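Shown next: start25.pdb, containing PDB, C-alpha atoms.
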ATOM      1  CA  MET A 729       6.486 -11.917 -23.918
ATOM      2  CA  GLU A 730       4.791 -15.257 -23.217
ATOM      3  CA  ILE A 731       8.158 -16.808 -22.370
ATOM      4  CA  ILE A 732       9.055 -14.030 -19.917
ATOM      5  CA  VAL A 733       5.683 -14.347 -18.170
ATOM      6  CA  THR A 734       6.060 -18.144 -17.960
ATOM      7  CA  ILE A 735       9.548 -17.846 -16.469
ATOM      8  CA  LEU A 736       8.314 -15.284 -13.948
ATOM      9  CA  ILE A 737       5.378 -17.467 -12.891
ATOM     10  CA  LEU A 738       7.667 -20.493 -12.477
ATOM     11  CA  LEU A 739      10.081 -18.361 -10.418
ATOM     12  CA  MET A 740       7.158 -17.216  -8.299
ATOM     13  CA  ILE A 741       6.079 -20.811  -7.590
ATOM     14  CA  VAL A 742       9.664 -21.829  -6.754
ATOM     15  CA  SER A 743      10.127 -18.951  -4.314
ATOM     16  CA  ALA A 744       6.713 -19.624  -2.741
ATOM     17  CA  ILE A 745       7.742 -23.240  -2.081
ATOM     18  CA  ALA A 746      11.140 -22.041  -0.840
ATOM     19  CA  ALA A 747       9.421 -19.720   1.658
ATOM     20  CA  LEU A 748       7.678 -22.773   3.136
ATOM     21  CA  VAL A 749      10.747 -25.024   3.139
ATOM     22  CA  PHE A 750      13.417 -22.689   4.574
ATOM     23  CA  LYS A 751      14.200 -23.152   8.259
ATOM     24  CA  ASP A 752      15.974 -19.791   8.466
ATOM     25  CA  LEU A 753      13.068 -17.356   8.822
ATOM     26  CA  ILE A 754      14.931 -14.359   7.341
ATOM     27  CA  SER A 755      15.486 -16.373   4.141
ATOM     28  CA  ALA A 756      11.796 -17.348   4.147
ATOM     29  CA  ILE A 757      10.808 -13.682   4.466
ATOM     30  CA  ILE A 758      13.037 -12.713   1.539
ATOM     31  CA  ALA A 759      11.522 -15.550  -0.536
ATOM     32  CA  SER A 760       7.989 -14.303   0.174
ATOM     33  CA  CYS A 761       9.177 -10.785  -0.696
ATOM     34  CA  ILE A 762      10.282 -12.135  -4.088
ATOM     35  CA  VAL A 763       6.773 -13.595  -4.583
ATOM     36  CA  SER A 764       5.253 -10.136  -4.007
ATOM     37  CA  LEU A 765       7.773  -8.459  -6.268
ATOM     38  CA  ILE A 766       7.106 -10.860  -9.153
ATOM     39  CA  ALA A 767       3.360 -10.440  -8.581
ATOM     40  CA  ALA A 768       3.894  -6.680  -8.961
ATOM     41  CA  ILE A 769       5.782  -7.213 -12.247
ATOM     42  CA  LEU A 770       2.981  -9.481 -13.518
ATOM     43  CA  PHE A 771       0.346  -6.871 -12.593
ATOM     44  CA  TYR A 772       2.343  -4.363 -14.617
ATOM     45  CA  PHE A 773       2.384  -6.738 -17.598
ATOM     46  CA  LEU A 774      -1.404  -7.091 -17.261
ATOM     47  CA  GLN A 775      -1.660  -3.272 -17.652
ATOM     48  CA  ALA A 776      -2.598  -2.596 -14.044
ATOM     49  CA  PRO A 777       0.195  -0.235 -12.909
ATOM     50  CA  ASP A 778      -1.866   1.119  -9.985
ATOM     51  CA  VAL A 779      -2.192  -2.323  -8.433
ATOM     52  CA  ALA A 780       1.461  -3.075  -9.223
ATOM     53  CA  MET A 781       2.544   0.022  -7.307
ATOM     54  CA  ALA A 782       0.429  -0.872  -4.282
ATOM     55  CA  GLU A 783       1.675  -4.482  -4.351
ATOM     56  CA  ALA A 784       5.325  -3.398  -4.575
ATOM     57  CA  ALA A 785       5.007  -0.791  -1.813
ATOM     58  CA  ILE A 786       2.918  -2.797   0.652
ATOM     59  CA  GLY A 787       3.615  -6.455  -0.214
ATOM     60  CA  ALA A 788       7.316  -6.205  -0.935
ATOM     61  CA  ALA A 789       8.444  -3.333   1.302
ATOM     62  CA  LEU A 790       6.198  -2.820   4.330
ATOM     63  CA  VAL A 791       5.161  -6.428   5.028
ATOM     64  CA  THR A 792       8.772  -7.621   4.672
ATOM     65  CA  GLY A 793       9.928  -4.944   7.092
ATOM     66  CA  ILE A 794       7.242  -5.811   9.639
ATOM     67  CA  PHE A 795       8.123  -9.530   9.409
ATOM     68  CA  ILE A 796      11.821  -8.730   9.886
ATOM     69  CA  ILE A 797      10.963  -6.726  13.013
ATOM     70  CA  ALA A 798       8.914  -9.682  14.290
ATOM     71  CA  VAL A 799      11.776 -12.136  13.664
ATOM     72  CA  LYS A 800      14.269  -9.809  15.318
ATOM     73  CA  LYS A 801      12.107  -9.721  18.454
ATOM     74  CA  THR A 802      11.583 -13.506  18.585
ATOM     75  CA  LYS A 803      13.748 -16.303  17.169
ATOM     76  CA  ARG A 804      15.540 -16.529  13.873
ATOM     77  CA  PHE A 805      15.468 -20.293  13.270
ATOM     78  CA  GLU A 806      12.438 -22.543  13.076
ATOM     79  CA  GLU A 807      12.613 -25.673  15.232
TER      80      GLU A 807
ATOM     81  CA  MET B 413      -0.393 -37.676   6.450
ATOM     82  CA  ARG B 414      -1.476 -34.111   7.270
ATOM     83  CA  LYS B 415       0.821 -32.744   4.573
ATOM     84  CA  LEU B 416      -0.655 -35.186   2.023
ATOM     85  CA  ILE B 417      -4.214 -34.090   2.863
ATOM     86  CA  GLY B 418      -3.120 -30.456   2.593
ATOM     87  CA  ILE B 419      -1.535 -30.991  -0.820
ATOM     88  CA  ILE B 420      -4.637 -32.832  -2.114
ATOM     89  CA  LEU B 421      -6.956 -30.080  -0.860
ATOM     90  CA  LEU B 422      -4.756 -27.384  -2.411
ATOM     91  CA  THR B 423      -4.736 -29.211  -5.751
ATOM     92  CA  ILE B 424      -8.548 -29.429  -5.704
ATOM     93  CA  ILE B 425      -8.843 -25.704  -4.922
ATOM     94  CA  ALA B 426      -6.323 -24.782  -7.645
ATOM     95  CA  ALA B 427      -8.179 -26.934 -10.193
ATOM     96  CA  GLY B 428     -11.496 -25.326  -9.222
ATOM     97  CA  ILE B 429     -10.137 -21.785  -9.529
ATOM     98  CA  SER B 430      -8.473 -22.458 -12.888
ATOM     99  CA  LEU B 431     -11.611 -24.162 -14.280
ATOM    100  CA  SER B 432     -13.848 -21.286 -13.193
ATOM    101  CA  LEU B 433     -11.444 -18.651 -14.560
ATOM    102  CA  LYS B 434     -11.278 -20.500 -17.876
ATOM    103  CA  GLU B 435     -14.916 -19.617 -18.555
ATOM    104  CA  ILE B 436     -14.385 -15.868 -18.169
ATOM    105  CA  PRO B 437     -12.876 -14.167 -21.247
ATOM    106  CA  PHE B 438      -9.987 -11.962 -20.174
ATOM    107  CA  GLY B 439      -9.934  -8.245 -20.863
ATOM    108  CA  ILE B 440     -13.254  -7.943 -22.673
ATOM    109  CA  PRO B 441     -15.461  -5.126 -21.351
ATOM    110  CA  LYS B 442     -18.885  -6.516 -20.635
ATOM    111  CA  THR B 443     -20.725  -4.429 -18.095
ATOM    112  CA  ILE B 444     -22.552  -1.212 -18.974
ATOM    113  CA  ILE B 445     -21.072   0.672 -16.023
ATOM    114  CA  GLY B 446     -17.534  -0.371 -16.990
ATOM    115  CA  ASN B 447     -18.000   0.949 -20.504
ATOM    116  CA  HIS B 448     -19.436   4.171 -19.085
ATOM    117  CA  PHE B 449     -16.376   4.705 -16.849
ATOM    118  CA  ILE B 450     -13.999   4.117 -19.757
ATOM    119  CA  ASN B 451     -15.807   6.292 -22.305
ATOM    120  CA  LYS B 452     -17.170   9.140 -20.169
ATOM    121  CA  GLY B 453     -14.726   9.097 -17.242
ATOM    122  CA  ILE B 454     -12.397  11.821 -18.503
ATOM    123  CA  GLU B 455     -15.055  14.374 -19.359
ATOM    124  CA  GLU B 456     -17.136  13.732 -16.239
ATOM    125  CA  THR B 457     -14.361  13.822 -13.615
ATOM    126  CA  GLY B 458     -11.457  15.499 -15.434
ATOM    127  CA  ALA B 459      -8.916  12.851 -14.349
ATOM    128  CA  ILE B 460      -7.135  11.132 -17.239
ATOM    129  CA  ASN B 461      -6.216   8.187 -15.017
ATOM    130  CA  ILE B 462      -9.418   6.124 -15.198
ATOM    131  CA  VAL B 463      -8.620   4.208 -12.004
ATOM    132  CA  THR B 464      -8.387   7.481 -10.087
ATOM    133  CA  SER B 465     -11.616   8.738 -11.624
ATOM    134  CA  VAL B 466     -13.345   5.623 -10.259
ATOM    135  CA  VAL B 467     -11.600   5.471  -6.865
ATOM    136  CA  VAL B 468     -11.839   9.165  -5.956
ATOM    137  CA  GLY B 469     -14.489  10.358  -8.428
ATOM    138  CA  TYR B 470     -17.376   7.960  -8.787
ATOM    139  CA  ARG B 471     -16.663   5.824  -5.720
ATOM    140  CA  SER B 472     -15.101   8.304  -3.296
ATOM    141  CA  PHE B 473     -17.538   7.400  -0.533
ATOM    142  CA  ASP B 474     -16.212   3.814  -0.618
ATOM    143  CA  THR B 475     -12.683   5.237  -0.365
ATOM    144  CA  LEU B 476     -13.733   7.065   2.793
ATOM    145  CA  GLY B 477     -14.820   3.689   4.159
ATOM    146  CA  GLU B 478     -11.455   2.153   3.262
ATOM    147  CA  ILE B 479      -9.622   4.971   5.067
ATOM    148  CA  THR B 480     -11.835   4.327   8.098
ATOM    149  CA  VAL B 481     -10.945   0.618   8.048
ATOM    150  CA  LEU B 482      -7.206   1.453   8.050
ATOM    151  CA  PHE B 483      -7.744   4.005  10.818
ATOM    152  CA  THR B 484      -9.602   1.432  12.942
ATOM    153  CA  ALA B 485      -6.803  -1.104  12.413
ATOM    154  CA  ALA B 486      -4.168   1.441  13.518
ATOM    155  CA  ILE B 487      -6.218   2.359  16.598
ATOM    156  CA  GLY B 488      -6.673  -1.334  17.462
ATOM    157  CA  LEU B 489      -2.929  -1.980  17.228
ATOM    158  CA  GLY B 490      -2.173   1.055  19.372
ATOM    159  CA  ALA B 491      -4.735  -0.013  21.983
ATOM    160  CA  LEU B 492      -3.361  -3.570  22.038
ATOM    161  CA  PHE B 493       0.196  -2.381  22.676
ATOM    162  CA  SER B 494      -0.872   0.191  25.252
ATOM    163  CA  LEU B 495      -2.128  -2.713  27.405
ATOM    164  CA  TYR B 496       1.410  -3.946  28.013
ATOM    165  CA  LYS B 497       2.644  -0.828  29.810
ATOM    166  CA  ASN B 498       6.200  -1.594  28.786
ATOM    167  CA  LYS B 499       7.816   1.560  30.080
ATOM    168  CA  LYS B 500      11.424   0.934  29.091
ATOM    169  CA  THR B 501      11.367   1.282  25.336
ATOM    170  CA  VAL B 502      13.629  -1.229  23.673
ATOM    171  CA  ILE B 503      15.962   0.277  21.108
ATOM    172  CA  TYR B 504      18.399  -1.999  19.341
ATOM    173  CA  LYS B 505      21.745  -1.734  21.073
ATOM    174  CA  GLU B 506      23.968  -2.569  18.142
ATOM    175  CA  PRO B 507      24.315   0.370  15.712
ATOM    176  CA  ALA B 508      24.154  -0.191  11.971
ATOM    177  CA  SER B 509      27.381  -0.058  10.001
ATOM    178  CA  LEU B 510      28.527   3.206   8.454
ATOM    179  CA  ILE B 511      27.601   2.126   4.917
ATOM    180  CA  VAL B 512      24.034   1.180   5.899
ATOM    181  CA  TYR B 513      23.637   4.359   7.978
ATOM    182  CA  THR B 514      24.869   6.658   5.189
ATOM    183  CA  GLY B 515      22.872   4.786   2.544
ATOM    184  CA  CYS B 516      19.652   5.105   4.547
ATOM    185  CA  ARG B 517      20.194   8.806   5.131
ATOM    186  CA  PHE B 518      20.923   9.295   1.420
ATOM    187  CA  LEU B 519      17.900   7.308   0.213
ATOM    188  CA  PHE B 520      15.339   8.666   2.692
ATOM    189  CA  PRO B 521      14.636  12.060   1.004
ATOM    190  CA  ILE B 522      14.566  10.461  -2.461
ATOM    191  CA  ILE B 523      11.957   7.894  -1.400
ATOM    192  CA  VAL B 524       9.831  10.546   0.327
ATOM    193  CA  LEU B 525      10.039  12.745  -2.776
ATOM    194  CA  THR B 526       8.921   9.814  -4.960
ATOM    195  CA  GLY B 527       5.956   9.253  -2.644
ATOM    196  CA  ILE B 528       4.956  12.922  -2.786
ATOM    197  CA  TYR B 529       5.260  12.896  -6.580
ATOM    198  CA  ILE B 530       3.007   9.841  -6.831
ATOM    199  CA  ILE B 531       0.415  11.432  -4.523
ATOM    200  CA  ILE B 532       0.326  14.766  -6.364
ATOM    201  CA  HIS B 533       0.167  13.186  -9.833
ATOM    202  CA  GLY B 534      -2.496  10.681  -8.818
ATOM    203  CA  HIS B 535      -5.004  11.978 -11.379
ATOM    204  CA  LEU B 536      -2.477  11.991 -14.239
ATOM    205  CA  THR B 537      -0.256   8.939 -13.835
ATOM    206  CA  PRO B 538      -0.741   5.554 -12.129
ATOM    207  CA  GLY B 539      -0.692   5.699  -8.374
ATOM    208  CA  GLY B 540      -2.290   7.971  -5.843
ATOM    209  CA  GLY B 541      -2.819   8.495  -2.162
ATOM    210  CA  PHE B 542      -2.630   4.885  -1.003
ATOM    211  CA  GLN B 543       0.453   3.988  -3.016
ATOM    212  CA  GLY B 544       2.289   7.227  -2.258
ATOM    213  CA  GLY B 545       1.420   6.968   1.430
ATOM    214  CA  ALA B 546       2.737   3.407   1.561
ATOM    215  CA  ILE B 547       5.976   4.521  -0.155
ATOM    216  CA  ILE B 548       6.452   7.338   2.382
ATOM    217  CA  ALA B 549       5.827   4.870   5.228
ATOM    218  CA  SER B 550       8.424   2.502   3.729
ATOM    219  CA  ALA B 551      10.936   5.380   3.792
ATOM    220  CA  PHE B 552      10.290   5.760   7.518
ATOM    221  CA  LEU B 553      10.642   1.988   7.939
ATOM    222  CA  LEU B 554      14.072   2.246   6.274
ATOM    223  CA  MET B 555      15.042   4.958   8.762
ATOM    224  CA  TYR B 556      13.899   2.793  11.676
ATOM    225  CA  LEU B 557      15.858  -0.222  10.460
ATOM    226  CA  GLY B 558      18.991   1.590   9.289
ATOM    227  CA  CYS B 559      19.404   4.539  11.629
ATOM    228  CA  THR B 560      18.825   3.125  15.095
ATOM    229  CA  GLY B 561      17.727   5.493  17.798
ATOM    230  CA  LYS B 562      15.883   7.929  15.552
ATOM    231  CA  ARG B 563      12.141   8.241  16.187
ATOM    232  CA  ILE B 564       9.272  10.102  14.583
ATOM    233  CA  ASN B 565       7.674  13.150  16.140
ATOM    234  CA  TYR B 566       4.396  11.843  17.601
ATOM    235  CA  LYS B 567       2.694  15.237  17.716
ATOM    236  CA  LEU B 568       3.502  15.986  14.080
ATOM    237  CA  SER B 569       2.348  12.541  12.956
ATOM    238  CA  THR B 570      -0.942  12.896  14.869
ATOM    239  CA  ILE B 571      -1.508  16.353  13.397
ATOM    240  CA  ALA B 572      -0.815  15.072   9.857
ATOM    241  CA  GLU B 573      -3.289  12.229  10.341
ATOM    242  CA  ALA B 574      -5.972  14.526  11.747
ATOM    243  CA  VAL B 575      -5.487  17.096   8.959
ATOM    244  CA  GLY B 576      -5.798  14.358   6.326
ATOM    245  CA  GLY B 577      -9.035  12.960   7.735
ATOM    246  CA  LEU B 578     -10.555  16.388   8.372
ATOM    247  CA  THR B 579      -9.740  17.602   4.847
ATOM    248  CA  PHE B 580     -11.486  14.602   3.309
ATOM    249  CA  ILE B 581     -14.647  15.065   5.406
ATOM    250  CA  THR B 582     -14.648  18.857   4.962
ATOM    251  CA  LEU B 583     -14.402  18.576   1.171
ATOM    252  CA  GLY B 584     -17.317  16.154   1.260
ATOM    253  CA  ILE B 585     -19.471  18.451   3.376
ATOM    254  CA  VAL B 586     -18.603  21.516   1.258
ATOM    255  CA  GLY B 587     -19.767  19.522  -1.752
ATOM    256  CA  LEU B 588     -22.983  18.749   0.116
ATOM    257  CA  ILE B 589     -23.557  22.466   0.775
ATOM    258  CA  THR B 590     -22.594  23.941  -2.601
ATOM    259  CA  GLY B 591     -23.606  21.141  -4.932
ATOM    260  CA  LYS B 592     -25.912  18.213  -4.753
ATOM    261  CA  ASP B 593     -24.234  15.259  -3.060
ATOM    262  CA  PHE B 594     -21.622  14.362  -0.487
ATOM    263  CA  LEU B 595     -18.150  14.675  -2.097
ATOM    264  CA  PHE B 596     -19.583  16.550  -5.089
ATOM    265  CA  ASN B 597     -16.804  17.883  -7.345
ATOM    266  CA  PHE B 598     -17.419  21.598  -6.800
ATOM    267  CA  ILE B 599     -14.151  23.014  -8.193
ATOM    268  CA  SER B 600     -13.985  23.516 -11.973
ATOM    269  CA  LYS B 601     -12.486  20.515 -13.760
ATOM    270  CA  GLY B 602      -9.994  22.523 -15.793
ATOM    271  CA  GLU B 603      -8.112  21.280 -18.798
ATOM    272  CA  PRO B 604      -7.544  17.511 -18.753
ATOM    273  CA  ALA B 605      -3.950  16.231 -18.521
ATOM    274  CA  SER B 606      -2.709  19.327 -16.687
ATOM    275  CA  LEU B 607      -1.586  19.348 -13.069
ATOM    276  CA  MET B 608      -4.342  21.735 -11.950
ATOM    277  CA  SER B 609      -7.254  19.708 -13.207
ATOM    278  CA  ALA B 610      -9.929  17.303 -11.999
ATOM    279  CA  GLY B 611     -11.324  19.606  -9.293
ATOM    280  CA  ILE B 612     -11.183  18.150  -5.793
ATOM    281  CA  ILE B 613      -9.567  14.825  -6.808
ATOM    282  CA  PRO B 614      -5.923  15.923  -6.205
ATOM    283  CA  LEU B 615      -6.931  17.531  -2.901
ATOM    284  CA  ILE B 616      -8.632  14.330  -1.731
ATOM    285  CA  TYR B 617      -5.625  12.287  -2.802
ATOM    286  CA  MET B 618      -3.292  14.579  -0.830
ATOM    287  CA  ALA B 619      -5.502  14.093   2.237
ATOM    288  CA  ILE B 620      -5.466  10.306   1.717
ATOM    289  CA  GLY B 621      -1.684  10.335   1.254
ATOM    290  CA  LEU B 622      -1.149  12.245   4.508
ATOM    291  CA  LYS B 623      -3.489   9.946   6.402
ATOM    292  CA  VAL B 624      -2.198   6.631   5.003
ATOM    293  CA  GLY B 625       1.453   7.661   5.357
ATOM    294  CA  SER B 626       1.141   8.782   8.972
ATOM    295  CA  GLU B 627      -1.041   5.783   9.929
ATOM    296  CA  LEU B 628       1.323   3.189   8.462
ATOM    297  CA  THR B 629       4.302   4.974  10.029
ATOM    298  CA  GLY B 630       2.469   4.893  13.351
ATOM    299  CA  ILE B 631       1.873   1.142  12.982
ATOM    300  CA  ILE B 632       5.585   0.546  12.281
ATOM    301  CA  ASP B 633       6.528   2.791  15.192
ATOM    302  CA  ASN B 634       4.232   0.856  17.529
ATOM    303  CA  LEU B 635       5.677  -2.468  16.376
ATOM    304  CA  ILE B 636       9.287  -1.362  16.789
ATOM    305  CA  GLU B 637       9.132   0.617  20.013
ATOM    306  CA  LYS B 638       6.363  -0.847  22.128
ATOM    307  CA  SER B 639       6.471  -4.586  21.553
ATOM    308  CA  GLN B 640       9.055  -6.889  23.032
TER     309      GLN B 640
END
Encoded form using structure tokens:
Amino acid sequence: MEIIVTILILLMIVSAIAALVFKDLISAIIASCIVSLIAAILFYFLQAPDVAMAEAAIGAALVTGIFIIAVKKTKRFEE
Amino acid sequence: MRKLIGIILLTIIAAGISLSLKEIPFGIPKTIIGNHFINKGIEETGAINIVTSVVVGYRSFDTLGEITVLFTAAIGLGALFSLYKNKKTVIYKEPASLIVYTGCRFLFPIIVLTGIYIIIHGHLTPGGGFQGGAIIASAFLLMYLGCTGKRINYKLSTIAEAVGGLTFITLGIVGLITGKDFLFNFISKGEPASLMSAGIIPLIYMAIGLKVGSELTGIIDNLIEKSQ
């Protein structure tokens, strides 16, 4: 259990850094979506399924969708 | 240079947070009110999900405030986009591929059904009005992204939002008339762990689900259609 949580936290940090580094904004959005998704899994491991559900629905689904709409209406690549 | 300063500041903040969290023992109930919610929550509110018994039972007035905050945010977004007067609504010209289109149409009812299930079983299983409403809104987002050209019915969405808000307030006022306080649980609590239990809690959660779902869908609709 400890090992799984450690791997998930490391993955979360890596994808958070990747979201900052990527120049392609769609890739950055997907990386930040992965951060939210892993946060939801960690909330579930901490026995907070209510928060996990809200995090997965809002953080991973709705916010990602809204960001994708914003990118589609502006520019895809960062200068 | 700016990046270096940023990294140093972030490290200091991270060290501060981790040092302060180290002092707090994790998962040990300490407060009197927390112990009261855990031990007496089921018999006082009838909801076997303790989180629901706090959110919609003991602290339902705060939940009304949260709903109002979301409502104000949706109104603000709508007002901001109405300033632009962009008459020609921009709909994406390129249609989605057949696989995406069919997949979205196949998944849409399943996601909506999951959201409704989570709303109705809010007092029994994890979840509730906010989570279920957000899931229903994400189903509509999928329709907007996958099936281009389809739009929601504004009148129906407005009616759903109004019905949700009115039901919440009406239940509160009925509690004020029949019982003692605003949002008093005036329906009998029933047998715990059955679907028809916990008095007004499932009704309030259905109202919240309607309101949150239609508000978030309205926000997405505003972002897709009005902005350019």
Considering all atoms listed in the file, tabulate each residue of chain A that lies at most 10 Å from chain B along with its nearest interatomic pair and the corresponding distance in Å to one decimal; arrange the rows by chain and ascending residue number and present them as CSV.
residue,atom,partner,partner_atom,distance
A:Leu774,CA,B:Gly439,CA,9.3
A:Ala776,CA,B:Pro538,CA,8.6
A:Pro777,CA,B:Pro538,CA,5.9
A:Asp778,CA,B:Gly539,CA,5.0
A:Val779,CA,B:Gly539,CA,8.2
A:Ala780,CA,B:Gly539,CA,9.1
A:Met781,CA,B:Gln543,CA,6.2
A:Ala782,CA,B:Gln543,CA,5.0
A:Glu783,CA,B:Gln543,CA,8.7
A:Ala784,CA,B:Gln543,CA,9.0
A:Ala785,CA,B:Ile547,CA,5.6
A:Ile786,CA,B:Ala546,CA,6.3
A:Ala788,CA,B:Ser550,CA,9.9
A:Ala789,CA,B:Ser550,CA,6.3
A:Leu790,CA,B:Ser550,CA,5.8
A:Val791,CA,B:Ser550,CA,9.6
A:Gly793,CA,B:Leu553,CA,7.0
A:Ile794,CA,B:Ile632,CA,7.1
A:Ile796,CA,B:Leu557,CA,9.4
A:Ile797,CA,B:Ile636,CA,6.8
A:Ala798,CA,B:Leu635,CA,8.2
A:Lys800,CA,B:Tyr504,CA,9.7
A:Lys801,CA,B:Gln640,CA,6.2
A:Thr802,CA,B:Gln640,CA,8.4
- prompt: Which distance in Å separates atom CA of B:Ala491 and atom CA of A:Ile757, to one decimal?
  reply: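 Between atom CA of B:Ala491 and atom CA of A:Ile757 the gap is 27.1 Å.
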message: Quick check on the file I pasted: which residues fall under the PyMOL selection byres ((chain A and resi 745-748) around 12)? Write them as a list in words.
response: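 Checked against the file, the PyMOL selection byres ((chain A and resi 745-748) around 12) matches Leu738, Leu739, Met740, Ile741, Val742, Ser743, Ala744, Val749, Phe750, Lys751, Asp752, Leu753, Ile754, Ser755, Ala756, Ile757, Ile758, Ala759, Ser760, Cys761, Ile762, Val763, Ser764 and Glu806 of chain A.
When atom CA of B:Ile613 is paired with atom CA of B:Val575, their separation reads 16.4 Å.
One finds atom CA of B:Phe483 at 12.9 Å from atom CA of B:Leu578.
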task: Excluding stretch 510-520 of chain B and any residue of its chain fewer than 4 positions from it, enumerate the residues within 8 Å of it, using all atoms listed in the file, and give them as a PyMOL selection string.
output: chain B and resi 524+551-552+554-555+558-559
Would you list the contacts of B:Glu627 as a PDB file with C-alpha atoms, keeping the file's coordinate frame, taking every protein, DNA or RNA residue within 12 Å and counting only C-alpha atoms, but skipping same-chain residues closer than 3 positions in sequence?
ATOM      1  CA  ILE B 479      -9.622   4.971   5.067  1.00  0.00           C
ATOM      2  CA  THR B 480     -11.835   4.327   8.098  1.00  0.00           C
ATOM      3  CA  VAL B 481     -10.945   0.618   8.048  1.00  0.00           C
ATOM      4  CA  LEU B 482      -7.206   1.453   8.050  1.00  0.00           C
ATOM      5  CA  PHE B 483      -7.744   4.005  10.818  1.00  0.00           C
ATOM      6  CA  THR B 484      -9.602   1.432  12.942  1.00  0.00           C
ATOM      7  CA  ALA B 485      -6.803  -1.104  12.413  1.00  0.00           C
ATOM      8  CA  ALA B 486      -4.168   1.441  13.518  1.00  0.00           C
ATOM      9  CA  ILE B 487      -6.218   2.359  16.598  1.00  0.00           C
ATOM     10  CA  GLY B 488      -6.673  -1.334  17.462  1.00  0.00           C
ATOM     11  CA  LEU B 489      -2.929  -1.980  17.228  1.00  0.00           C
ATOM     12  CA  GLY B 490      -2.173   1.055  19.372  1.00  0.00           C
ATOM     13  CA  PHE B 542      -2.630   4.885  -1.003  1.00  0.00           C
ATOM     14  CA  GLY B 545       1.420   6.968   1.430  1.00  0.00           C
ATOM     15  CA  ALA B 546       2.737   3.407   1.561  1.00  0.00           C
ATOM     16  CA  ILE B 548       6.452   7.338   2.382  1.00  0.00           C
ATOM     17  CA  ALA B 549       5.827   4.870   5.228  1.00  0.00           C
ATOM     18  CA  SER B 550       8.424   2.502   3.729  1.00  0.00           C
ATOM     19  CA  PHE B 552      10.290   5.760   7.518  1.00  0.00           C
ATOM     20  CA  TYR B 566       4.396  11.843  17.601  1.00  0.00           C
ATOM     21  CA  LEU B 568       3.502  15.986  14.080  1.00  0.00           C
ATOM     22  CA  SER B 569       2.348  12.541  12.956  1.00  0.00           C
ATOM     23  CA  THR B 570      -0.942  12.896  14.869  1.00  0.00           C
ATOM     24  CA  ILE B 571      -1.508  16.353  13.397  1.00  0.00           C
ATOM     25  CA  ALA B 572      -0.815  15.072   9.857  1.00  0.00           C
ATOM     26  CA  GLU B 573      -3.289  12.229  10.341  1.00  0.00           C
ATOM     27  CA  ALA B 574      -5.972  14.526  11.747  1.00  0.00           C
ATOM     28  CA  GLY B 576      -5.798  14.358   6.326  1.00  0.00           C
ATOM     29  CA  GLY B 577      -9.035  12.960   7.735  1.00  0.00           C
ATOM     30  CA  ILE B 620      -5.466  10.306   1.717  1.00  0.00           C
ATOM     31  CA  GLY B 621      -1.684  10.335   1.254  1.00  0.00           C
ATOM     32  CA  LEU B 622      -1.149  12.245   4.508  1.00  0.00           C
ATOM     33  CA  LYS B 623      -3.489   9.946   6.402  1.00  0.00           C
ATOM     34  CA  VAL B 624      -2.198   6.631   5.003  1.00  0.00           C
ATOM     35  CA  GLY B 630       2.469   4.893  13.351  1.00  0.00           C
ATOM     36  CA  ILE B 631       1.873   1.142  12.982  1.00  0.00           C
ATOM     37  CA  ILE B 632       5.585   0.546  12.281  1.00  0.00           C
ATOM     38  CA  ASP B 633       6.528   2.791  15.192  1.00  0.00           C
ATOM     39  CA  ASN B 634       4.232   0.856  17.529  1.00  0.00           C
TER      40      ASN B 634
END
When the PyMOL selection byres ((chain B and resi 581) around 12) is applied to the file above, which residues end up in the set, as a compact mmCIF listing (two decimals) with C-alpha atoms, keeping the file's coordinate frame?
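Result written to expr_26.txt:
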# COMPACT_ATOMS: atom_id res chain seq x y z
CA SER B 472 -15.10 8.30 -3.30
CA PHE B 473 -17.54 7.40 -0.53
CA THR B 475 -12.68 5.24 -0.36
CA LEU B 476 -13.73 7.06 2.79
CA GLY B 477 -14.82 3.69 4.16
CA ILE B 479 -9.62 4.97 5.07
CA THR B 480 -11.84 4.33 8.10
CA ALA B 574 -5.97 14.53 11.75
CA VAL B 575 -5.49 17.10 8.96
CA GLY B 576 -5.80 14.36 6.33
CA GLY B 577 -9.04 12.96 7.74
CA LEU B 578 -10.56 16.39 8.37
CA THR B 579 -9.74 17.60 4.85
CA PHE B 580 -11.49 14.60 3.31
CA THR B 582 -14.65 18.86 4.96
CA LEU B 583 -14.40 18.58 1.17
CA GLY B 584 -17.32 16.15 1.26
CA ILE B 585 -19.47 18.45 3.38
CA VAL B 586 -18.60 21.52 1.26
CA GLY B 587 -19.77 19.52 -1.75
CA LEU B 588 -22.98 18.75 0.12
CA PHE B 594 -21.62 14.36 -0.49
CA LEU B 595 -18.15 14.68 -2.10
CA PHE B 596 -19.58 16.55 -5.09
CA LEU B 615 -6.93 17.53 -2.90
CA ILE B 616 -8.63 14.33 -1.73
CA ALA B 619 -5.50 14.09 2.24
CA ILE B 620 -5.47 10.31 1.72
